[in-house]
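Q: Dropping in protein08.cif, which is mmCIF, C-alpha atoms:
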data_work
loop_
_atom_site.label_atom_id
_atom_site.label_comp_id
_atom_site.auth_asym_id
_atom_site.auth_seq_id
_atom_site.Cartn_x
_atom_site.Cartn_y
_atom_site.Cartn_z
CA MET A 142 -61.77 -11.20 -138.22
CA ALA A 143 -61.44 -8.02 -140.28
CA GLN A 144 -61.26 -4.75 -138.39
CA SER A 145 -64.45 -3.53 -140.09
CA ALA A 146 -66.58 -6.61 -139.35
CA ARG A 147 -70.14 -5.52 -138.69
CA ALA A 148 -72.81 -7.12 -136.53
CA ILE A 149 -76.50 -6.30 -136.29
CA VAL A 150 -78.37 -7.42 -133.17
CA ILE A 151 -82.14 -7.64 -133.59
CA GLY A 152 -83.62 -7.17 -130.12
CA GLY A 153 -82.47 -4.95 -127.26
CA GLY A 154 -83.26 -7.22 -124.32
CA ILE A 155 -80.77 -8.69 -121.88
CA GLY A 156 -79.43 -11.30 -124.31
CA GLY A 157 -79.18 -8.88 -127.21
CA LEU A 158 -77.40 -6.18 -125.17
CA THR A 159 -74.98 -8.72 -123.68
CA ALA A 160 -74.15 -9.96 -127.16
CA ALA A 161 -73.69 -6.41 -128.41
CA ALA A 162 -71.33 -5.59 -125.52
CA ALA A 163 -69.33 -8.80 -125.98
CA LEU A 164 -69.00 -8.29 -129.74
CA HIS A 165 -68.05 -4.62 -129.30
CA GLN A 166 -65.29 -5.58 -126.88
CA ARG A 167 -63.92 -8.02 -129.48
CA GLY A 168 -63.66 -5.26 -132.09
CA TRP A 169 -66.93 -5.59 -133.97
CA GLU A 170 -68.91 -2.60 -135.19
CA VAL A 171 -72.34 -3.26 -133.66
CA THR A 172 -75.84 -1.90 -134.22
CA VAL A 173 -78.76 -2.94 -131.98
CA LEU A 174 -82.24 -2.67 -133.50
CA GLU A 175 -85.02 -2.63 -130.90
CA ARG A 176 -88.65 -2.46 -132.02
CA ALA A 177 -89.90 -0.82 -128.79
CA ARG A 178 -89.61 2.91 -128.22
CA SER A 179 -87.20 2.45 -125.31
CA LEU A 180 -85.01 -0.18 -123.71
CA GLU A 181 -87.29 -0.44 -120.70
CA PRO A 182 -87.63 -4.20 -120.30
CA VAL A 183 -90.80 -6.23 -119.92
CA GLY A 184 -90.86 -7.92 -116.52
CA ALA A 185 -90.05 -6.98 -112.96
CA ALA A 186 -86.82 -8.64 -111.80
CA ILE A 187 -84.32 -11.25 -112.86
CA SER A 188 -82.36 -13.83 -110.89
CA LEU A 189 -78.74 -14.29 -111.97
CA ALA A 190 -77.03 -17.49 -110.90
CA PRO A 191 -73.24 -17.91 -110.72
CA ASN A 192 -73.12 -19.23 -114.29
CA ALA A 193 -74.51 -15.99 -115.71
CA LEU A 194 -72.39 -13.87 -113.38
CA ARG A 195 -69.26 -15.60 -114.71
CA ALA A 196 -70.44 -14.79 -118.23
CA LEU A 197 -70.84 -11.15 -117.17
CA ASP A 198 -67.25 -11.27 -115.87
CA VAL A 199 -66.19 -11.72 -119.50
CA ILE A 200 -67.59 -8.28 -120.36
CA GLY A 201 -66.44 -6.69 -117.12
CA ILE A 202 -69.59 -6.14 -115.06
CA GLY A 203 -69.80 -9.33 -113.00
CA ASP A 204 -68.64 -7.73 -109.76
CA GLU A 205 -70.87 -4.71 -110.30
CA ILE A 206 -73.87 -7.02 -110.43
CA ARG A 207 -72.66 -9.24 -107.56
CA ASP A 208 -72.68 -6.18 -105.33
CA LEU A 209 -76.48 -6.13 -105.68
CA ALA A 210 -76.92 -9.50 -103.97
CA ALA A 211 -79.54 -9.21 -101.21
CA TRP A 212 -80.28 -12.78 -100.12
CA GLN A 213 -78.98 -13.21 -96.58
CA GLY A 214 -79.51 -16.02 -94.07
CA ASP A 215 -81.97 -18.86 -94.49
CA GLY A 216 -84.43 -19.36 -97.29
CA GLY A 217 -86.01 -22.32 -98.97
CA LEU A 218 -89.19 -24.12 -99.91
CA ARG A 219 -92.48 -23.95 -97.97
CA THR A 220 -96.04 -25.27 -98.04
CA PRO A 221 -99.04 -22.89 -98.30
CA GLY A 222 -99.54 -23.29 -94.54
CA GLY A 223 -96.00 -22.10 -93.90
CA ARG A 224 -94.20 -25.36 -93.08
CA TRP A 225 -90.61 -25.50 -94.33
CA LEU A 226 -89.98 -28.42 -96.65
CA SER A 227 -86.40 -27.53 -97.48
CA ARG A 228 -84.02 -24.86 -96.22
CA SER A 229 -80.82 -23.40 -97.56
CA SER A 230 -78.78 -20.22 -97.33
CA ALA A 231 -76.79 -17.78 -99.42
CA GLU A 232 -73.59 -19.16 -97.93
CA ALA A 233 -74.48 -22.74 -98.88
CA ALA A 234 -75.31 -21.71 -102.45
CA ALA A 235 -72.07 -19.74 -102.81
CA ALA A 236 -70.04 -22.64 -101.42
CA ARG A 237 -71.66 -25.17 -103.76
CA PHE A 238 -71.46 -23.12 -106.96
CA GLY A 239 -68.62 -20.71 -106.34
CA GLY A 240 -70.62 -17.53 -106.15
CA PRO A 241 -73.84 -15.84 -105.04
CA LEU A 242 -77.32 -15.82 -106.50
CA VAL A 243 -78.28 -12.23 -107.33
CA LEU A 244 -81.82 -10.92 -107.72
CA LEU A 245 -82.12 -7.46 -109.22
CA PRO A 246 -84.54 -5.31 -111.22
CA ARG A 247 -84.32 -6.00 -114.95
CA THR A 248 -83.96 -2.28 -115.58
CA THR A 249 -80.77 -2.22 -113.50
CA LEU A 250 -79.17 -4.97 -115.58
CA VAL A 251 -80.30 -3.40 -118.85
CA ASP A 252 -78.82 -0.03 -117.83
CA SER A 253 -75.49 -1.66 -116.90
CA LEU A 254 -75.31 -3.48 -120.23
CA ALA A 255 -76.31 -0.44 -122.28
CA ALA A 256 -73.59 1.62 -120.57
CA LEU A 257 -70.97 -0.68 -122.14
CA LEU A 258 -71.99 0.35 -125.67
CA PRO A 259 -70.84 3.43 -127.60
CA PRO A 260 -73.43 6.21 -128.06
CA GLY A 261 -75.65 5.57 -131.06
CA THR A 262 -75.26 1.79 -130.96
CA VAL A 263 -78.91 1.20 -130.02
CA ARG A 264 -81.71 2.26 -132.35
CA THR A 265 -85.15 2.14 -130.75
CA ALA A 266 -88.51 2.12 -132.55
CA ALA A 267 -86.64 0.11 -135.20
CA ALA A 268 -88.67 -2.95 -136.15
CA ALA A 269 -86.37 -5.14 -138.23
CA THR A 270 -86.83 -8.19 -140.41
CA LEU A 271 -84.28 -10.58 -141.81
CA ALA A 272 -84.15 -10.11 -145.59
CA ASP A 273 -81.34 -12.60 -146.34
CA PRO A 274 -79.36 -14.81 -143.92
CA GLY A 275 -76.30 -14.63 -146.16
CA ASP A 276 -73.62 -17.28 -146.49
CA THR A 277 -69.85 -17.55 -146.84
CA ALA A 278 -69.99 -15.68 -150.15
CA ARG A 279 -72.34 -12.83 -149.27
CA PRO A 280 -73.33 -10.77 -146.23
CA ALA A 281 -76.62 -11.07 -144.40
CA ARG A 282 -79.19 -8.33 -144.99
CA VAL A 283 -81.66 -6.79 -142.55
CA ALA A 284 -84.60 -4.57 -143.53
CA VAL A 285 -85.45 -1.70 -141.19
CA ALA A 286 -87.28 1.61 -141.69
CA GLY A 287 -87.37 1.32 -145.47
CA GLU A 288 -83.67 0.50 -145.91
CA GLU A 289 -81.54 -2.61 -146.00
CA LEU A 290 -78.43 -3.01 -143.88
CA GLU A 291 -75.67 -5.51 -144.60
CA ALA A 292 -73.81 -7.36 -141.87
CA ASP A 293 -71.15 -10.02 -141.43
CA LEU A 294 -73.22 -11.34 -138.51
CA VAL A 295 -76.86 -10.96 -137.51
CA VAL A 296 -77.94 -11.91 -134.00
CA GLY A 297 -81.59 -12.85 -133.58
CA ALA A 298 -82.35 -11.86 -129.99
CA ASP A 299 -85.99 -11.01 -130.62
CA GLY A 300 -87.65 -13.18 -128.01
CA ILE A 301 -89.97 -16.14 -127.86
CA ASN A 302 -92.04 -15.02 -130.87
CA SER A 303 -88.87 -14.43 -132.88
CA ARG A 304 -89.43 -13.46 -136.49
CA VAL A 305 -85.78 -14.19 -137.16
CA ARG A 306 -86.26 -17.78 -136.00
CA SER A 307 -89.34 -18.14 -138.20
CA ALA A 308 -87.38 -16.87 -141.19
CA LEU A 309 -84.50 -19.29 -140.59
CA PHE A 310 -86.56 -22.36 -139.70
CA PRO A 311 -90.08 -21.91 -141.13
CA ALA A 312 -90.95 -25.60 -140.64
CA HIS A 313 -90.28 -25.50 -136.90
CA PRO A 314 -93.52 -25.57 -134.84
CA GLY A 315 -92.43 -22.70 -132.59
CA PRO A 316 -93.47 -22.13 -128.97
CA VAL A 317 -96.28 -24.03 -127.25
CA TYR A 318 -98.31 -23.24 -124.12
CA ALA A 319 -96.72 -24.64 -120.95
CA GLY A 320 -100.06 -25.04 -119.16
CA PHE A 321 -99.74 -22.22 -116.64
CA THR A 322 -99.77 -18.47 -116.28
CA THR A 323 -97.55 -16.23 -114.13
CA TRP A 324 -97.92 -13.02 -112.14
CA ARG A 325 -95.06 -10.75 -111.02
CA VAL A 326 -94.81 -7.70 -108.79
CA LEU A 327 -91.88 -5.52 -107.72
CA ILE A 328 -93.01 -3.20 -104.93
CA PRO A 329 -92.13 -1.75 -101.52
CA VAL A 330 -93.78 -3.58 -98.62
CA PRO A 331 -92.97 -1.47 -95.54
CA GLY A 332 -92.67 -3.19 -92.18
CA VAL A 333 -92.68 -6.76 -93.51
CA GLU A 334 -89.74 -9.03 -92.70
CA PHE A 335 -89.36 -12.54 -94.08
CA ALA A 336 -86.90 -15.14 -95.28
CA SER A 337 -86.56 -15.56 -99.01
CA HIS A 338 -88.78 -18.47 -100.04
CA GLU A 339 -90.75 -20.28 -102.71
CA THR A 340 -94.04 -21.94 -101.75
CA TRP A 341 -95.54 -24.91 -103.59
CA GLY A 342 -99.23 -25.74 -103.43
CA ARG A 343 -101.56 -27.75 -105.67
CA GLY A 344 -101.19 -26.41 -109.20
CA ARG A 345 -99.94 -23.12 -107.77
CA ILE A 346 -96.63 -21.65 -106.61
CA TRP A 347 -95.57 -18.38 -105.00
CA GLY A 348 -92.15 -16.83 -104.43
CA THR A 349 -91.21 -13.86 -102.25
CA HIS A 350 -87.71 -12.37 -102.24
CA PRO A 351 -86.13 -9.16 -100.88
CA LEU A 352 -84.04 -6.93 -103.14
CA LYS A 353 -81.07 -4.86 -102.03
CA ASP A 354 -82.93 -1.62 -102.82
CA GLY A 355 -85.53 -2.49 -100.16
CA ARG A 356 -88.30 -3.57 -102.50
CA VAL A 357 -89.87 -7.01 -102.63
CA TYR A 358 -90.02 -9.16 -105.74
CA ALA A 359 -92.86 -11.66 -105.74
CA TYR A 360 -94.06 -14.04 -108.41
CA ALA A 361 -96.85 -16.57 -108.67
CA ALA A 362 -97.98 -19.22 -111.10
CA ALA A 363 -101.12 -21.30 -111.53
CA MET A 364 -102.45 -23.88 -113.94
CA THR A 365 -104.98 -22.09 -116.16
CA PRO A 366 -106.37 -22.29 -119.69
CA PRO A 367 -104.35 -20.12 -122.11
CA GLY A 368 -105.58 -16.57 -122.47
CA GLU A 369 -107.63 -16.55 -119.27
CA ARG A 370 -107.73 -13.23 -117.40
CA ALA A 371 -109.27 -11.99 -114.16
CA PRO A 372 -112.88 -10.76 -114.38
CA ASP A 373 -111.89 -7.63 -112.41
CA ASP A 374 -108.11 -7.13 -111.99
CA GLU A 375 -105.05 -9.28 -111.42
CA GLN A 376 -104.40 -8.03 -107.88
CA ALA A 377 -107.84 -9.30 -106.94
CA GLU A 378 -107.07 -12.58 -108.72
CA LEU A 379 -103.92 -13.02 -106.63
CA LEU A 380 -105.96 -12.40 -103.48
CA ARG A 381 -108.47 -15.08 -104.49
CA ARG A 382 -105.80 -17.65 -105.31
CA PHE A 383 -103.15 -16.91 -102.63
CA GLY A 384 -104.73 -14.66 -100.02
CA ASN A 385 -105.00 -17.44 -97.42
CA TRP A 386 -101.39 -18.65 -97.81
CA HIS A 387 -98.76 -18.06 -95.13
CA ASP A 388 -97.24 -14.68 -94.23
CA PRO A 389 -95.95 -12.50 -95.83
CA ILE A 390 -97.96 -13.46 -98.93
CA PRO A 391 -101.23 -11.71 -97.93
CA ALA A 392 -99.30 -8.55 -96.98
CA VAL A 393 -97.47 -8.49 -100.31
CA ILE A 394 -100.72 -8.86 -102.24
CA ALA A 395 -102.35 -6.13 -100.14
CA ALA A 396 -99.44 -3.76 -100.84
CA ALA A 397 -99.77 -4.17 -104.61
CA ARG A 398 -101.96 -1.97 -106.74
CA PRO A 399 -103.72 -3.58 -109.72
CA GLU A 400 -101.38 -1.75 -112.09
CA ASP A 401 -98.33 -3.22 -110.30
CA VAL A 402 -99.25 -6.77 -111.26
CA LEU A 403 -97.91 -8.22 -114.50
CA ARG A 404 -99.51 -11.36 -115.90
CA HIS A 405 -98.23 -13.48 -118.77
CA ASP A 406 -99.03 -16.97 -119.99
CA VAL A 407 -95.96 -19.19 -120.18
CA HIS A 408 -94.87 -20.63 -123.53
CA HIS A 409 -91.76 -22.59 -124.34
CA ILE A 410 -90.01 -24.24 -127.27
CA ALA A 411 -90.75 -27.91 -126.71
CA GLN A 412 -88.95 -29.17 -129.81
CA PRO A 413 -85.31 -28.02 -129.99
CA LEU A 414 -84.24 -26.22 -133.13
CA PRO A 415 -82.05 -28.13 -135.60
CA ALA A 416 -79.34 -25.49 -135.03
CA HIS A 417 -78.87 -22.12 -133.39
CA HIS A 418 -77.55 -20.60 -136.59
CA LEU A 419 -78.03 -20.54 -140.35
CA GLY A 420 -75.83 -18.70 -142.81
CA ARG A 421 -74.51 -15.59 -141.06
CA VAL A 422 -77.35 -15.48 -138.53
CA ALA A 423 -77.29 -16.77 -134.96
CA LEU A 424 -80.18 -17.06 -132.50
CA LEU A 425 -79.88 -16.62 -128.76
CA GLY A 426 -82.03 -16.56 -125.63
CA ASP A 427 -85.76 -17.14 -125.95
CA ALA A 428 -85.52 -16.91 -129.73
CA ALA A 429 -83.44 -20.09 -129.65
CA HIS A 430 -84.60 -22.04 -126.60
CA ALA A 431 -87.44 -20.46 -124.62
CA MET A 432 -88.03 -22.51 -121.48
CA PRO A 433 -90.41 -22.47 -118.50
CA PRO A 434 -89.19 -20.17 -115.69
CA THR A 435 -89.10 -22.98 -113.12
CA LEU A 436 -85.28 -22.98 -112.94
CA GLY A 437 -84.94 -19.23 -113.34
CA GLN A 438 -82.51 -19.86 -116.21
CA GLY A 439 -84.11 -18.15 -119.21
CA GLY A 440 -82.18 -14.90 -118.88
CA ASN A 441 -79.11 -16.68 -117.52
CA GLN A 442 -78.86 -18.87 -120.60
CA ALA A 443 -79.27 -15.83 -122.86
CA VAL A 444 -76.27 -14.22 -121.12
CA GLU A 445 -74.26 -17.42 -121.54
CA ASP A 446 -75.28 -17.57 -125.21
CA ALA A 447 -74.11 -14.02 -125.78
CA VAL A 448 -70.54 -14.40 -124.56
CA VAL A 449 -70.13 -17.79 -126.26
CA LEU A 450 -71.46 -16.35 -129.51
CA ALA A 451 -69.00 -13.45 -129.38
CA HIS A 452 -66.17 -15.97 -128.98
CA HIS A 453 -67.35 -18.08 -131.95
CA ALA A 454 -68.66 -15.20 -134.09
CA ASP A 455 -66.42 -16.16 -137.03
CA TYR A 456 -67.54 -19.81 -137.01
CA LEU A 457 -71.19 -20.16 -136.03
CA ALA A 458 -71.23 -23.95 -136.26
CA ALA A 459 -69.02 -23.94 -133.15
CA TYR A 460 -71.57 -21.72 -131.41
CA THR A 461 -74.37 -24.20 -132.13
CA ALA A 462 -72.17 -27.10 -131.00
CA ALA A 463 -71.39 -25.32 -127.73
CA ARG A 464 -74.89 -24.13 -126.91
CA LEU A 465 -77.61 -26.36 -128.37
CA PRO A 466 -76.96 -29.49 -126.26
CA ARG A 467 -76.66 -27.51 -123.03
CA THR A 468 -79.72 -25.32 -123.53
CA ALA A 469 -81.84 -28.25 -124.74
CA ALA A 470 -80.94 -30.22 -121.61
CA ILE A 471 -81.71 -27.30 -119.29
CA ALA A 472 -85.02 -26.69 -121.07
CA ARG A 473 -85.98 -30.34 -120.57
CA GLN A 474 -85.09 -30.07 -116.89
CA ALA A 475 -87.21 -26.92 -116.54
CA VAL A 476 -90.19 -28.80 -117.98
CA LYS A 477 -89.65 -31.64 -115.50
CA VAL A 478 -89.52 -29.20 -112.58
CA ALA A 479 -92.71 -27.56 -113.83
CA ARG A 480 -94.48 -30.93 -113.75
CA LEU A 481 -93.32 -31.34 -110.15
CA ASN A 482 -94.04 -27.93 -108.69
CA MET A 483 -97.26 -27.37 -110.64
CA ALA A 484 -98.74 -30.81 -109.83
CA GLU A 485 -102.49 -30.62 -109.13
CA SER A 486 -103.28 -34.07 -107.73
CA ARG A 487 -103.66 -34.05 -103.94
CA ALA A 488 -102.00 -37.47 -103.70
CA VAL A 489 -99.09 -36.48 -105.94
CA VAL A 490 -98.55 -33.27 -103.94
CA ALA A 491 -98.51 -35.21 -100.66
CA VAL A 492 -95.88 -37.63 -101.99
CA ARG A 493 -93.89 -34.76 -103.50
CA ASP A 494 -93.76 -32.77 -100.27
CA THR A 495 -92.83 -35.81 -98.17
CA ALA A 496 -90.04 -36.74 -100.57
CA ILE A 497 -88.64 -33.19 -100.66
CA ALA A 498 -88.55 -32.99 -96.87
CA ALA A 499 -86.85 -36.37 -96.58
CA LEU A 500 -84.29 -35.66 -99.30
CA SER A 501 -83.42 -32.30 -97.79
CA LYS A 502 -82.72 -33.85 -94.40
CA ALA A 503 -80.36 -36.31 -96.05
CA GLY A 504 -78.37 -33.82 -98.12
CA PRO A 505 -78.34 -30.42 -99.85
CA ALA A 506 -81.69 -28.68 -100.24
CA LEU A 507 -83.69 -29.37 -103.38
CA PHE A 508 -83.13 -25.74 -104.39
CA LEU A 509 -79.39 -26.36 -104.57
CA ARG A 510 -79.63 -29.82 -106.15
CA SER A 511 -81.68 -28.43 -109.03
CA PHE A 512 -78.77 -26.20 -110.05
CA ASP A 513 -76.14 -28.93 -110.22
CA GLY A 514 -74.58 -28.90 -113.69
CA ILE A 515 -76.12 -25.48 -114.39
CA ALA A 516 -74.89 -22.88 -111.92
CA ASP A 517 -71.34 -24.25 -111.91
CA TRP A 518 -70.82 -23.46 -115.64
CA ARG A 519 -67.76 -21.41 -116.55
CA PRO A 520 -66.89 -19.87 -119.94
CA PRO A 521 -64.35 -22.48 -121.09
CA TYR A 522 -62.23 -20.03 -123.08
CA ALA A 523 -62.24 -17.03 -120.70
CA SER A 524 -58.90 -15.90 -119.32
CA GLU A 525 -57.90 -16.90 -115.83
CA GLU A 526 -57.73 -13.22 -114.97
CA ALA A 527 -61.44 -12.81 -115.75
CA HIS A 528 -62.29 -15.24 -112.99
CA ALA A 529 -59.78 -14.21 -110.36
CA GLY A 530 -61.56 -14.18 -107.03
CA LYS A 531 -64.74 -15.86 -108.37
CA ARG A 532 -63.70 -19.44 -107.66
#
For this file, produce the structure as structure tokens.

A:
Amino acid sequence: MAQSARAIVIGGGIGGLTAAAALHQRGWEVTVLERARSLEPVGAAISLAPNALRALDVIGIGDEIRDLAAWQGDGGLRTPGGRWLSRSSAEAAAARFGGPLVLLPRTTLVDSLAALLPPGTVRTAAAATLADPGDTARPARVAVAGEELEADLVVGADGINSRVRSALFPAHPGPVYAGFTTWRVLIPVPGVEFASHETWGRGRIWGTHPLKDGRVYAYAAAMTPPGERAPDDEQAELLRRFGNWHDPIPAVIAAARPEDVLRHDVHHIAQPLPAHHLGRVALLGDAAHAMPPTLGQGGNQAVEDAVVLAHHADYLAAYTAARLPRTAAIARQAVKVARLNMAESRAVVAVRDTAIAALSKAGPALFLRSFDGIADWRPPYASEEAHAGKR
């Protein structure tokens, strides 16, 4: 790679900033173009599994993020009445996958990633479009603010509704509705103590988790028609749907103000792309493989993508070969889990809950089993030194 090789990253989210940091550390001149007026991310918190933390080791902030781990003691899966179906612990997860599961505010991760970049790397309020993907004989071109920029590499990290993806693969059908909507809150809930848990009902789920800064991150999902919204406000909608579920769910809902509640319909890319690159352009994260959040791997896979892309930046076919099969398989698994935890039939739910309880008595909790082959991923080319102490 020439010393002056230039990369343009379209999108300043977690995947885009990780890619920018990884490319910068490998000697690339990087510009990040973010259409929003600031880097403040959409969403409340993000869960980082050991696979993503090992990817962050490559750019030097893995331990910084590990220090934010808050999950202590038992946790697991419950019914709306409060019965435990499956239990696990932070120690069991770390033993199985070689590291902790870390839940932290998205803003904290974004700030840590942005701090790795030289001043002036990120341009906000910079809506960009791909003018030419380039090829081996010519650079790619990106249009932004009335000018065109040339680059040896363009990274499309512009999310599920990626315009870069549409430009590269116009015949691809794009994202489809997953059948359910989600709510998220990140708030203080004074005086409430609980074990980290996810609760599965009929066509509805709820999760409640403590963060190291003392706040509570809670999320919910329910089967709904696309575009449906509460007739009053989303805090009231949560109360209607989950207000009679076990503690601490009613207390968390009561502590939230209507403006604290984020609601988004879930879409995913059901048909994998033919490739994650074309010409001098590579796609990563939701732009390449948006998946339901049922495995908590959307952001994790974007972080993996970013460090693998930086390694293969001079030969993008190797990036596609490394990432497309893995992300397509994880996306399929996330869809299968969604069918299980969002099941609406009373009979199916009864069988599901009985099977989960029986399986968990016989071996590792379902929570841990679902991460086999995912959370144990390691960057195959990273130096041994990068992983010292993380095994």

Q: Check what the PyMOL selection byres ((chain A and resi 440-457) around 6) selects in the file above and give those residues as a ChimeraX atom specification.

A: /A:156,159-160,163-164,193,196,425-426,438-439,458-460

Q: Determine the nearest neighbour of His418 of chain A from the options A:Glu485, A:Leu309, A:Leu352, A:Pro391, counting only C-alpha atoms.

A: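 Checking each candidate against His418 of chain A, we get A:Leu309 as the closest.
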
Q: Report as number ranges by chain all protein, DNA and RNA residues lying within 12 Å of Ala503 of chain A, evaluated on all atoms listed in the file, omitting residues in the same chain fewer than 6 positions from it.

A: A: 227, 496-497

Q: Restricting the calculation to only C-alpha atoms: of A:Val171, A:Ile390, A:Ile471, A:Val422, which residue gets closest to Pro259 of chain A?

A: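 Among the listed residues, the smallest separation from Pro259 of chain A belongs to A:Val171.
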
Q: Contacts of Arg228 of chain A at 8 Å or less, counting all atoms listed in the file, minus same-chain residues fewer than 2 places along, as a list in words?

A: Asp215, Gly216, Gly217, Leu218, Trp225, Leu226, Ser230, Ser501 and Ala506 of chain A
